[in-house]
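Undergrad: Please read through the structure below; I'll follow up with questions.
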Amino acid sequence: MNKVYDNKAWWLILPMLVLVAFSAIIPLMTVVNYSVQDVFDANTRFFTGTEWFAQMLNDPTLQAALLRQFAFSMTVLAIEVPLGIGIALIMPKKGWQASVVLILVTLPLLIPWNVVGSIWQIFTRGDIGLMGWGLRELGYGYNITRSTVDAWGTIILMDVWHWTPLIALLCYSGLRSIPEAYYQAARIDRASKWSVFRYIQLPKLTNVLVIGVLLRFMHSFMIYAEPFVLTGGGPGSSTTFLSQSLTTMAIGQQDLGPSAAFSLIYFLIILLVSWVFYTAIMNMQKEKQEEGI
Amino acid sequence: MTDSMPHTPTAVRQRAAAADASRRRKSRSAPLRWRPKMLMGLYLLFVLLPIYWLLNMSFQSNTEILGGLTLWPKDFTFEHYGKIFTTSTWYMGYLNSIAYVVMNMFISILVALPAAYAFSRYKFIGDKHLFFWLLTNLMAPPAVFLLPYFQLYYTVGLFDTHIAVALAHCLFNIPLAIWILEGFMSGVPKEIDETAFIDGYSFPKFFIKIFIPMISSGIGVTLFFLFMFSWVELLLASTLTSTGAQPIASVMTSTSTASGIDWGTLAAAGVLTILPGILVVYFVRNHIAKGFALGRT
Amino acid sequence: MEWMVWTVPTTIFFSTIAAMLAGMTMWEVVSPTVERKGFLPISTTRGDRLFIGLLSAGYIHLLVVGFTPLSIWLALGASVLWLLILMRWG
């Protein structure tokens with residue numbers, strides 16, 4: 001669409017800007033202020049300069065949490081993206097089955113995040129949970145409070161359960177926008193299933209997939225409530241991710257300065273990643289427009 | 001056309017290929033045709049099993065839960081649901097959650113509609129950067145904003161009120177609403193705006209009378225997403241409230257840490273948090289797929 | 001405002017950012033930017049280059065503060081220089 005250049009559009013933006021600025025800019029400024037001081041209360045505070053930043057960047061537990069975070073995000077992306085595409089391909093397209101399957105697939109997305117944790121906590125407990133009990137009956141000494149492997153496996157399984165629907169629904173909507181004529185043409189050419197996927201379906205999916213990967217990366221990067229309820233970050237600190245380290249430091253220990261410095265580092269990482277994705281999305285749309293003409 | 005004989009070589013070839021394809025479809029072996037359905041069934045089983053387990057437990061008495069594993073409730077009981085509906089901390093938790101979610105949906109959609117229109121129709125100084133900044137708010141981890149939020153809302157005297165949580169959730173819900181609405185609005189041809197203005201409609205009148213009805217399905221889907229993300233968020237909601245506006249999610253966490261977990265009630269409370277979602281998704285089921293692609297397919 | 005615990009350096013920091021945004025807006029009004037391709041792999045506008053410059057300045061500061069004994073002023077100097085190069089040839 002060719003847009004009109006008109007700066008009066010700012011008046012339409014303004015109400016939104018005031019609200020978002022209130023909940024984004026003022027707090028962010030405060031975080032920056034905290035990060036250079038040792039704050040006891042509003043009147044008792046000392047300027048520390050960059051000390052907290054140096055301390056946080058060299059803190060081994062935080063470095064470990066960061067690495068763990070990346071490992072977790074990459075793992076769930078590697079599982080959820082292909083699985084989501086696969087599910088979108090086999091979801092029924094018409095009739096009452098389509099509606100039922102759609103609602104059932106959406107279900108995990110609508111459950112509050114801590115309830116997701118509770119569901120899996122109940123489901124995987126050795127004494128009262130179906131999965132925990134089942135695995136033990138099969139002879140596997142499953143225990144998420146003792147074994148790091150079990151805890152990781154369960155958290156990843158939980159995340160796959162919780163968020164694969166997002167990718168699946170995105171892809172499903174991408175697939176539905178392919179005109180039937182394309183498939184007919186492919187049938188006439190006797191195209192194999194694989195080449196239909198590779199040359200008709202996948203190109204249509206790239207756009208929604210980038211959005212999906214962006215959302216999934218970001219949400220997995222701020223995961224908090226689910227592992228907090230399920231494992232409490234344990235055993236040890238093997239499933240303590242960034243948000244939980246930060247929350248423990250900020251709320252639990254009331255260390256305003258260090259946690260603010262940590263917040264800013266966290267925020268810079270997020271900023272870089274979302275900028276890369278955003279630029280990718282925008283460039284793709286531009287190319288699409290140029291092709292479309 | 002279709003039942004007349006083909007005349008050109010291409011038409012002949014097309015027809016032959018079509019007939020061949022339909023023959024192949026019919027002759028495809030039965031297991032191959034059933035495979036997608038079976039896989040779908042397996043996936044749905046994976047989705048539903050944990051939820052079934054929650055449901056199963058919510059209808060069992062605590063002695064049955066702890067006594068041994070039973071695949072379905074042996075003595076079916078509503079005691080946990082009864083407890084939730086008669087204890088004020090429990091049912092107030094639901095009302096509090098619903099209160100701030102509804103407030104947030106209302107505020108977000110109200111300011112997002114004009115903003116999304118501006119982004120979909122106009123170019124202006126800083127438009128791309130503004131849009132990116134909005135997205136970073138969608139991506140920002142709530143944990144980063146936790147401390148200053150607490151201080152901010154405490155200072156302005158909104159701590160432990162519904163509106164505090166509603167405003168805090170605007171941080172990610174307004175950008176999300178703008179993103180989705182912008183996609184839907186870009187699908188409406190601009191000629192409609194221009195015709196309306198030529199016909200003498202003022203901007204507000206055009207927006208309310210003509211434009212909003214045209215994107216009503218988009219608005220419905222957006223509201224669904226606003227509901228979803230505000231409903232599932234826990235960290236901000238529980239930090240900004242103590243007793244007066246405590247959301248159901250934090251009622252659940254606080255009782256589950258008390259001595260001896262009341263599994264049955266926890267399960268029943270969990271089941272009740274899923275219900276509003278099912279209700280909402282039912283209304284938008286026909287548009288939801290498009291909404292997930294942010295109106296952009 | 002008291003609860004925001006302002007300090008002199010952070011006030012200067014945010015004033016500079018605000019002044020930059022205001023300056024860029026005025027520049028844009030006086031002579032609108034043209035998207036062009038410099039040594040960066042993507043074509044950028046002035047605003048994009050400023051953002052890239054500021055973001056990389058953030059990372060430069062973190063690297064210097066966290067992993068070297070060097071002074072933060074050195075990081076600042078390097079960032080300003082990098083920003084200028086980026087604005088001119090990026």
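Identifiers in this document derive from the order of the structure tokens: chains are assigned A, B, ..., residues are numbered from 1 separately in each chain, and ligands are numbered from 1 in order of occurrence.
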Quick one: which residues from chain A are at most 6 Å off chain C, using only C-alpha atoms, as number ranges by chain?
TA: A: 30, 33, 42, 54, 57
Undergrad: Each residue of chain C with at least one atom at most 8 Å from chain B should appear once, together with its nearest atom pair and the corresponding distance in Å (one decimal); atoms considered: only C-alpha atoms; ordering: chain, then increasing residue number; output as CSV.
TA:
```
residue,atom,partner,partner_atom,distance
C:Trp3,CA,B:Gln151,CA,7.0
C:Thr25,CA,B:Ile125,CA,7.1
C:Glu28,CA,B:Ile125,CA,7.3
C:Gly47,CA,B:His129,CA,7.6
C:Asp48,CA,B:His129,CA,7.8
```
Undergrad: Taking only C-alpha atoms into account and nothing else, which residues of chain A lie no more than 6 Å away from chain B? Please answer as JSON, numbers by chain.
TA: {"A": [3, 4, 5, 6, 7, 9, 12, 13, 15, 16, 20, 23, 27, 90, 110, 111, 112, 113, 115, 123, 128, 169, 170, 173, 174, 188, 208, 218, 222, 243, 263]}
Undergrad: Which polymer residues have any atom within 6 Å of an atom of segment 249-260 of chain A, counting only C-alpha atoms, with same-chain residues fewer than 4 positions away left out, as a ChimeraX atom specification?
TA: /A:31,34-35,37-38,52
Undergrad: What's the 7 Å shell around segment 58-74 of chain A, counting only C-alpha atoms, without same-chain residues fewer than 2 positions away, as number ranges by chain?
TA: A: 54-56, 76-78, 217, 220-221, 240-242; C: 66
Undergrad: Can you tell me which residues surround segment 59-61 of chain B at a distance of at most 7 Å, considering only C-alpha atoms, apart from same-chain residues fewer than 5 positions away, and format the answer as a PDB file with all heavy atoms, in the first residue's frame?
TA:
```pdb
ATOM      1  N   PRO B  73     -11.575 -40.706  38.502  1.00  0.00           N
ATOM      2  CA  PRO B  73     -12.033 -40.530  39.882  1.00  0.00           C
ATOM      3  C   PRO B  73     -12.939 -41.677  40.315  1.00  0.00           C
ATOM      4  O   PRO B  73     -13.970 -41.914  39.682  1.00  0.00           O
ATOM      5  CB  PRO B  73     -12.784 -39.204  39.856  1.00  0.00           C
ATOM      6  CG  PRO B  73     -12.769 -38.719  38.464  1.00  0.00           C
ATOM      7  CD  PRO B  73     -11.928 -39.596  37.629  1.00  0.00           C
ATOM      8  N   ASP B  75     -14.282 -42.154  43.610  1.00  0.00           N
ATOM      9  CA  ASP B  75     -15.467 -41.535  44.209  1.00  0.00           C
ATOM     10  C   ASP B  75     -15.479 -40.053  43.844  1.00  0.00           C
ATOM     11  O   ASP B  75     -14.692 -39.248  44.313  1.00  0.00           O
ATOM     12  CB  ASP B  75     -15.561 -41.774  45.721  1.00  0.00           C
ATOM     13  CG  ASP B  75     -14.396 -41.225  46.502  1.00  0.00           C
ATOM     14  OD1 ASP B  75     -13.375 -41.937  46.614  1.00  0.00           O
ATOM     15  OD2 ASP B  75     -14.485 -40.118  46.976  1.00  0.00           O
ATOM     16  N   PHE B  76     -16.345 -39.799  42.909  1.00  0.00           N
ATOM     17  CA  PHE B  76     -16.446 -38.507  42.248  1.00  0.00           C
ATOM     18  C   PHE B  76     -16.900 -37.437  43.242  1.00  0.00           C
ATOM     19  O   PHE B  76     -17.891 -37.607  43.928  1.00  0.00           O
ATOM     20  CB  PHE B  76     -17.492 -38.676  41.145  1.00  0.00           C
ATOM     21  CG  PHE B  76     -17.419 -37.636  40.088  1.00  0.00           C
ATOM     22  CD1 PHE B  76     -16.549 -37.788  39.017  1.00  0.00           C
ATOM     23  CD2 PHE B  76     -18.226 -36.523  40.149  1.00  0.00           C
ATOM     24  CE1 PHE B  76     -16.494 -36.830  38.018  1.00  0.00           C
ATOM     25  CE2 PHE B  76     -18.164 -35.572  39.157  1.00  0.00           C
ATOM     26  CZ  PHE B  76     -17.297 -35.728  38.092  1.00  0.00           C
ATOM     27  N   THR B  77     -16.133 -36.342  43.339  1.00  0.00           N
ATOM     28  CA  THR B  77     -16.507 -35.333  44.328  1.00  0.00           C
ATOM     29  C   THR B  77     -16.350 -33.916  43.785  1.00  0.00           C
ATOM     30  O   THR B  77     -15.464 -33.642  42.973  1.00  0.00           O
ATOM     31  CB  THR B  77     -15.655 -35.473  45.605  1.00  0.00           C
ATOM     32  OG1 THR B  77     -15.908 -34.339  46.429  1.00  0.00           O
ATOM     33  CG2 THR B  77     -14.175 -35.524  45.294  1.00  0.00           C
ATOM     34  N   PHE B  78     -17.239 -33.045  44.230  1.00  0.00           N
ATOM     35  CA  PHE B  78     -17.150 -31.640  43.844  1.00  0.00           C
ATOM     36  C   PHE B  78     -16.587 -30.791  44.985  1.00  0.00           C
ATOM     37  O   PHE B  78     -16.652 -29.589  44.931  1.00  0.00           O
ATOM     38  CB  PHE B  78     -18.536 -31.100  43.460  1.00  0.00           C
ATOM     39  CG  PHE B  78     -18.930 -31.440  42.061  1.00  0.00           C
ATOM     40  CD1 PHE B  78     -19.913 -32.382  41.802  1.00  0.00           C
ATOM     41  CD2 PHE B  78     -18.318 -30.803  40.984  1.00  0.00           C
ATOM     42  CE1 PHE B  78     -20.272 -32.699  40.508  1.00  0.00           C
ATOM     43  CE2 PHE B  78     -18.670 -31.114  39.689  1.00  0.00           C
ATOM     44  CZ  PHE B  78     -19.652 -32.062  39.452  1.00  0.00           C
ATOM     45  N   GLY B 264      -5.941 -31.399  45.406  1.00  0.00           N
ATOM     46  CA  GLY B 264      -7.262 -31.391  44.785  1.00  0.00           C
ATOM     47  C   GLY B 264      -7.717 -29.979  44.484  1.00  0.00           C
ATOM     48  O   GLY B 264      -8.162 -29.674  43.365  1.00  0.00           O
TER      49      GLY B 264
END
```
Undergrad: What does the distance between atom CA of Ser245 of chain A and atom CA of Ala261 of chain A come to in Å, to one decimal place?
TA: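 Value for the atom CA of Ser245 of chain A-atom CA of Ala261 of chain A distance: 12.9 Å.
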Undergrad: As a VMD selection string, please: the residues near Arg36 of chain C (cut-off 10 Å, only C-alpha atoms, same-chain neighbours under 5 positions excluded).
TA: chain C and resid 42 to 46 89 to 90
Undergrad: Give the alpha helix (DSSP H) residues of segment 3-176 of chain B, as DSSP finds them on the backbone, and put them as a PyMOL selection string.
TA: chain B and resi 9-27+30-58+62-67+79-86+88-121+127-139+142-155+162-176
Undergrad: Could you list, as a PyMOL selection string, every residue within 10 Å of Ala78 of chain C, counting only C-alpha atoms and ignoring same-chain residues fewer than 5 positions away?
TA: chain C and resi 57+60-61+72-73+83-84
